[in-house]
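All remarks here apply to the structure that follows.
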Amino acid sequence: MDLIAMYPNDYEVDNSDINNHPTYSTSLRKFFHAIKNYLQQFKHKTTAEDLNCVSGLTTECKFAAYEEVRLKHLVEHITKSLLFFENCTLCNAERNLATSRFVPSVVSITDKTRQLIIVLQTDVEKEFLKRPTNLTDAGPGVAVSNGDVRVHDAEMAMFLGSDWRCRCHRDRRDSCQNEAERTNSALGDAIADGGTIEWEYYEQFHDLTDEQVQNLSLKEYTEHEEARMKKNAWKVAVNVKIRLDDAPVLKEFVKAHLTKPEDKQYFFNKDNLKQYLNAQSEEKTSVPGHGYMETGKEFYDMHYQTGELSS
């Protein structure tokens with residue numbers, strides 16, 4: 001969903017040939033999509049069944065804690081979108097439109113969510129492509145048998161108003177027909193360019209004084225090592241991204257992106273969804289967010305046909 005806000009032209013219907021149809025800059029549409037995507041997610045995930053499970057605004061209530069995470073997730077991304085708006089280049093007419101009609105509503109997100117989505121859909125947003133096709137490799141993280149994949153694809157169908165979606169999960173053994181594997185091969189060639197990839201950017205006891213090292217417990221040392229390895233991994237990922245973006249020819253067709261940390265991603269409730277999908281029927285109502293998750297699952301069961309390698 002974040003890619004929609006980054007590359008709106010790839011997901012919108014082209015209305016440039018329609019007479020008198022308003023045309024807005026890419027920067028303005030990026031802002032609107034970023035705002036709407038998270039507001040729409042918040043609206044869909046707010047169900048009476050989930051809210052009725054909140055027994056009190058205390059740390060002991062897991063349902064209240066879940067709602068707090070949802071609110072913080074929304075506020076964080078709305079704040080980032082407003083910062084992007086302040087720094088993007090817009091003509092006076094577009095900035096006046098956004099400042100007068102949208103930004104005030106965004107600031108009061110608690111009671112303006114539904115109203116703002118309607119305004120965005122009516123005034124600025126182009127229609128999304130109604131029949132997208134996603135071609136994937138055969139990895140388990142994107143397989144149609146993956147519960148996360150099924151529920152999240154159903155969410156996107158609801159959010160984007162899709163009337164038909166196809167997800168083709170290509171077999172690795174059929175590489176000549178596998179667009180994803182051919183892309184992966186090109187990426188591999190770009191990374192393996194003969195140069196070395198440094199790993200140890202942060203050495204052992206990074207950021208610790210001699211005194212702190214002397215006083216480290218085994219637990220503290222283990223935690224520090226895990227954090228150091230994580231920092232090294234992210235640094236390597238940044239360099240791999242740069243290497244792909246600088247690759248001859250490939251950079252003209254492929255843009256590399258770093259995966260966000262799980263708590264910053266659009267679909268942020270991975271642990272709750274996994275708990276819900278693995279729970280027995282009688283235990284599902286004890287999972288925070290179960291009301292919305294059941295809606296997504298029912299939507300998938302009602303509208304999707306799942307094959308061995310496609311849905």
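For the structure tokens, the naming scheme is as follows: chains receive sequential letters (A, B, ...) according to their order of presentation, residues are indexed from 1 within each chain, and ligands are indexed from 1 in presentation order.
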
Test item: residues at most 6 Å from range 3-11 of chain A, only C-alpha atoms, excluding those fewer than 2 positions along its chain, as a ChimeraX atom specification: /A:1,30,33-34,128-129

Residue neighbourhood range 159-161 of chain A, 12 Å, only C-alpha atoms, exclusion window fewer than 4 positions, as a PDB file with N, CA, C and O atoms, in the first residue's frame:
ATOM      1  N   MET A   1       0.823  -1.203   0.000  1.00  0.00           N
ATOM      2  CA  MET A   1       0.000   0.000   0.000  1.00  0.00           C
ATOM      3  C   MET A   1       0.866   1.267   0.000  1.00  0.00           C
ATOM      4  O   MET A   1       0.484   2.275  -0.579  1.00  0.00           O
ATOM      5  N   ILE A   4       1.702   2.678  -3.415  1.00  0.00           N
ATOM      6  CA  ILE A   4       0.688   3.484  -4.098  1.00  0.00           C
ATOM      7  C   ILE A   4       0.970   4.959  -3.897  1.00  0.00           C
ATOM      8  O   ILE A   4       0.858   5.773  -4.822  1.00  0.00           O
ATOM      9  N   TYR A  11      -0.669   3.024 -10.362  1.00  0.00           N
ATOM     10  CA  TYR A  11      -1.851   2.382  -9.781  1.00  0.00           C
ATOM     11  C   TYR A  11      -3.158   3.084 -10.152  1.00  0.00           C
ATOM     12  O   TYR A  11      -4.225   2.531  -9.901  1.00  0.00           O
ATOM     13  N   GLU A  12      -3.071   4.271 -10.718  1.00  0.00           N
ATOM     14  CA  GLU A  12      -4.280   5.018 -11.034  1.00  0.00           C
ATOM     15  C   GLU A  12      -4.695   4.813 -12.488  1.00  0.00           C
ATOM     16  O   GLU A  12      -3.863   4.535 -13.355  1.00  0.00           O
ATOM     17  N   HIS A  33      -2.722  10.170  -1.249  1.00  0.00           N
ATOM     18  CA  HIS A  33      -2.741   8.716  -1.104  1.00  0.00           C
ATOM     19  C   HIS A  33      -2.161   8.290   0.236  1.00  0.00           C
ATOM     20  O   HIS A  33      -2.671   7.364   0.883  1.00  0.00           O
ATOM     21  N   LYS A  36      -4.875   9.052   2.830  1.00  0.00           N
ATOM     22  CA  LYS A  36      -6.083   8.239   2.688  1.00  0.00           C
ATOM     23  C   LYS A  36      -5.833   6.775   3.011  1.00  0.00           C
ATOM     24  O   LYS A  36      -6.680   6.119   3.643  1.00  0.00           O
ATOM     25  N   ASN A  37      -4.683   6.238   2.587  1.00  0.00           N
ATOM     26  CA  ASN A  37      -4.418   4.823   2.827  1.00  0.00           C
ATOM     27  C   ASN A  37      -4.495   4.479   4.304  1.00  0.00           C
ATOM     28  O   ASN A  37      -5.091   3.464   4.691  1.00  0.00           O
ATOM     29  N   TYR A  38      -3.887   5.306   5.142  1.00  0.00           N
ATOM     30  CA  TYR A  38      -3.861   4.997   6.575  1.00  0.00           C
ATOM     31  C   TYR A  38      -5.186   5.335   7.252  1.00  0.00           C
ATOM     32  O   TYR A  38      -5.603   4.648   8.186  1.00  0.00           O
ATOM     33  N   LEU A  39      -5.863   6.378   6.785  1.00  0.00           N
ATOM     34  CA  LEU A  39      -7.180   6.680   7.344  1.00  0.00           C
ATOM     35  C   LEU A  39      -8.182   5.585   6.988  1.00  0.00           C
ATOM     36  O   LEU A  39      -9.008   5.187   7.815  1.00  0.00           O
ATOM     37  N   GLN A  40      -8.107   5.112   5.752  1.00  0.00           N
ATOM     38  CA  GLN A  40      -9.042   4.070   5.336  1.00  0.00           C
ATOM     39  C   GLN A  40      -8.778   2.773   6.095  1.00  0.00           C
ATOM     40  O   GLN A  40      -9.714   2.073   6.493  1.00  0.00           O
ATOM     41  N   GLN A  41      -7.511   2.454   6.312  1.00  0.00           N
ATOM     42  CA  GLN A  41      -7.186   1.273   7.097  1.00  0.00           C
ATOM     43  C   GLN A  41      -7.746   1.401   8.507  1.00  0.00           C
ATOM     44  O   GLN A  41      -8.333   0.467   9.063  1.00  0.00           O
ATOM     45  N   PHE A  42      -7.578   2.581   9.099  1.00  0.00           N
ATOM     46  CA  PHE A  42      -8.076   2.811  10.461  1.00  0.00           C
ATOM     47  C   PHE A  42      -9.599   2.676  10.513  1.00  0.00           C
ATOM     48  O   PHE A  42     -10.158   2.085  11.441  1.00  0.00           O
ATOM     49  N   LYS A  43     -10.270   3.201   9.502  1.00  0.00           N
ATOM     50  CA  LYS A  43     -11.729   3.116   9.463  1.00  0.00           C
ATOM     51  C   LYS A  43     -12.185   1.665   9.357  1.00  0.00           C
ATOM     52  O   LYS A  43     -13.069   1.227  10.106  1.00  0.00           O
ATOM     53  N   HIS A  44     -11.568   0.896   8.462  1.00  0.00           N
ATOM     54  CA  HIS A  44     -11.972  -0.496   8.268  1.00  0.00           C
ATOM     55  C   HIS A  44     -11.668  -1.348   9.496  1.00  0.00           C
ATOM     56  O   HIS A  44     -12.410  -2.285   9.807  1.00  0.00           O
ATOM     57  N   LYS A  45     -10.593  -1.028  10.197  1.00  0.00           N
ATOM     58  CA  LYS A  45     -10.202  -1.838  11.344  1.00  0.00           C
ATOM     59  C   LYS A  45     -10.947  -1.449  12.623  1.00  0.00           C
ATOM     60  O   LYS A  45     -10.760  -2.077  13.658  1.00  0.00           O
ATOM     61  N   ILE A 117     -11.943  10.767   4.103  1.00  0.00           N
ATOM     62  CA  ILE A 117     -11.843   9.764   3.038  1.00  0.00           C
ATOM     63  C   ILE A 117     -12.836  10.084   1.922  1.00  0.00           C
ATOM     64  O   ILE A 117     -12.515  10.012   0.739  1.00  0.00           O
ATOM     65  N   GLN A 121     -11.784  11.018  -1.919  1.00  0.00           N
ATOM     66  CA  GLN A 121     -12.281  10.209  -3.026  1.00  0.00           C
ATOM     67  C   GLN A 121     -13.045  11.067  -4.032  1.00  0.00           C
ATOM     68  O   GLN A 121     -12.985  10.855  -5.228  1.00  0.00           O
ATOM     69  N   GLU A 125      -8.810  12.226  -5.725  1.00  0.00           N
ATOM     70  CA  GLU A 125      -8.266  10.909  -6.040  1.00  0.00           C
ATOM     71  C   GLU A 125      -8.736  10.398  -7.393  1.00  0.00           C
ATOM     72  O   GLU A 125      -9.906  10.488  -7.744  1.00  0.00           O
ATOM     73  N   LYS A 126      -7.791   9.844  -8.146  1.00  0.00           N
ATOM     74  CA  LYS A 126      -8.158   9.150  -9.370  1.00  0.00           C
ATOM     75  C   LYS A 126      -8.646   7.751  -9.019  1.00  0.00           C
ATOM     76  O   LYS A 126      -8.364   7.228  -7.959  1.00  0.00           O
ATOM     77  N   GLU A 127      -9.332   7.141  -9.951  1.00  0.00           N
ATOM     78  CA  GLU A 127      -9.796   5.777  -9.753  1.00  0.00           C
ATOM     79  C   GLU A 127      -8.616   4.814  -9.860  1.00  0.00           C
ATOM     80  O   GLU A 127      -7.743   4.969 -10.709  1.00  0.00           O
ATOM     81  N   PHE A 128      -8.590   3.821  -8.957  1.00  0.00           N
ATOM     82  CA  PHE A 128      -7.514   2.827  -9.011  1.00  0.00           C
ATOM     83  C   PHE A 128      -7.787   1.805 -10.102  1.00  0.00           C
ATOM     84  O   PHE A 128      -8.942   1.577 -10.505  1.00  0.00           O
ATOM     85  N   LEU A 129      -6.719   1.183 -10.561  1.00  0.00           N
ATOM     86  CA  LEU A 129      -6.868   0.078 -11.501  1.00  0.00           C
ATOM     87  C   LEU A 129      -7.680  -1.026 -10.838  1.00  0.00           C
ATOM     88  O   LEU A 129      -7.368  -1.456  -9.738  1.00  0.00           O
ATOM     89  N   LYS A 130      -8.720  -1.476 -11.498  1.00  0.00           N
ATOM     90  CA  LYS A 130      -9.673  -2.400 -10.877  1.00  0.00           C
ATOM     91  C   LYS A 130      -9.269  -3.862 -10.986  1.00  0.00           C
ATOM     92  O   LYS A 130      -9.810  -4.701 -10.262  1.00  0.00           O
ATOM     93  N   ARG A 131      -8.348  -4.198 -11.887  1.00  0.00           N
ATOM     94  CA  ARG A 131      -8.025  -5.605 -12.109  1.00  0.00           C
ATOM     95  C   ARG A 131      -6.507  -5.820 -12.109  1.00  0.00           C
ATOM     96  O   ARG A 131      -5.911  -6.162 -13.135  1.00  0.00           O
ATOM     97  N   PRO A 132      -5.871  -5.645 -10.952  1.00  0.00           N
ATOM     98  CA  PRO A 132      -4.413  -5.824 -10.882  1.00  0.00           C
ATOM     99  C   PRO A 132      -4.027  -7.305 -10.875  1.00  0.00           C
ATOM    100  O   PRO A 132      -4.778  -8.161 -10.436  1.00  0.00           O
ATOM    101  N   HIS A 152      -4.379 -10.066   3.865  1.00  0.00           N
ATOM    102  CA  HIS A 152      -3.928  -8.749   3.424  1.00  0.00           C
ATOM    103  C   HIS A 152      -4.376  -8.452   1.994  1.00  0.00           C
ATOM    104  O   HIS A 152      -4.690  -7.306   1.667  1.00  0.00           O
ATOM    105  N   ASP A 153      -4.420  -9.469   1.139  1.00  0.00           N
ATOM    106  CA  ASP A 153      -4.910  -9.236  -0.214  1.00  0.00           C
ATOM    107  C   ASP A 153      -6.397  -8.894  -0.189  1.00  0.00           C
ATOM    108  O   ASP A 153      -6.863  -8.045  -0.959  1.00  0.00           O
ATOM    109  N   ALA A 154      -7.138  -9.533   0.701  1.00  0.00           N
ATOM    110  CA  ALA A 154      -8.556  -9.200   0.858  1.00  0.00           C
ATOM    111  C   ALA A 154      -8.710  -7.766   1.358  1.00  0.00           C
ATOM    112  O   ALA A 154      -9.605  -7.031   0.911  1.00  0.00           O
ATOM    113  N   GLU A 155      -7.828  -7.339   2.280  1.00  0.00           N
ATOM    114  CA  GLU A 155      -7.867  -5.961   2.763  1.00  0.00           C
ATOM    115  C   GLU A 155      -7.650  -4.981   1.614  1.00  0.00           C
ATOM    116  O   GLU A 155      -8.366  -3.978   1.487  1.00  0.00           O
ATOM    117  N   ARG A 165      -9.004  -9.520  -8.798  1.00  0.00           N
ATOM    118  CA  ARG A 165      -7.576  -9.534  -8.466  1.00  0.00           C
ATOM    119  C   ARG A 165      -7.012 -10.922  -8.772  1.00  0.00           C
ATOM    120  O   ARG A 165      -7.674 -11.925  -8.496  1.00  0.00           O
ATOM    121  N   GLY A 296     -12.116  -9.607   7.254  1.00  0.00           N
ATOM    122  CA  GLY A 296     -11.205  -9.870   6.148  1.00  0.00           C
ATOM    123  C   GLY A 296     -11.240 -11.322   5.706  1.00  0.00           C
ATOM    124  O   GLY A 296     -11.222 -11.623   4.507  1.00  0.00           O
TER     125      GLY A 296
END

Residue contacts of range 47-53 of chain A (10 Å, only C-alpha atoms) excluding same-chain residues fewer than 3 positions away, as an MDAnalysis selection string: chainID A and resid 42:44 56 61:64 66:67 285:293 295

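Using only C-alpha atoms for every distance, the candidate list A:Glu294, A:Glu179, A:Asp163, A:Glu223 yields A:Glu294 as the residue closest to Leu273 in chain A.
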
Shell of 12 Å around Leu250 in chain A, only C-alpha atoms, local chain residues under 6 positions omitted, as a list in words: Thr183, Asn184, Ser185, Ala186, Leu187, Gly188, Asp189, Ala190, Ile191, Arg243, Leu244 and Ala256 of chain A

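Using only C-alpha atoms, the nearest neighbour of His73 in chain A within the list A:Asn269, A:Thr259, A:Gln305, A:Asn92 is A:Asn269.
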
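You can rank A:Arg95, A:His303, A:His257, A:His169 by their closest distance to Ile242 in chain A using only C-alpha atoms, and at the top of that list sits A:His257.
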
As a count of residues only, please: every residue in range 17-256 of chain A that a backbone DSSP assignment puts in alpha helix (DSSP H). 136
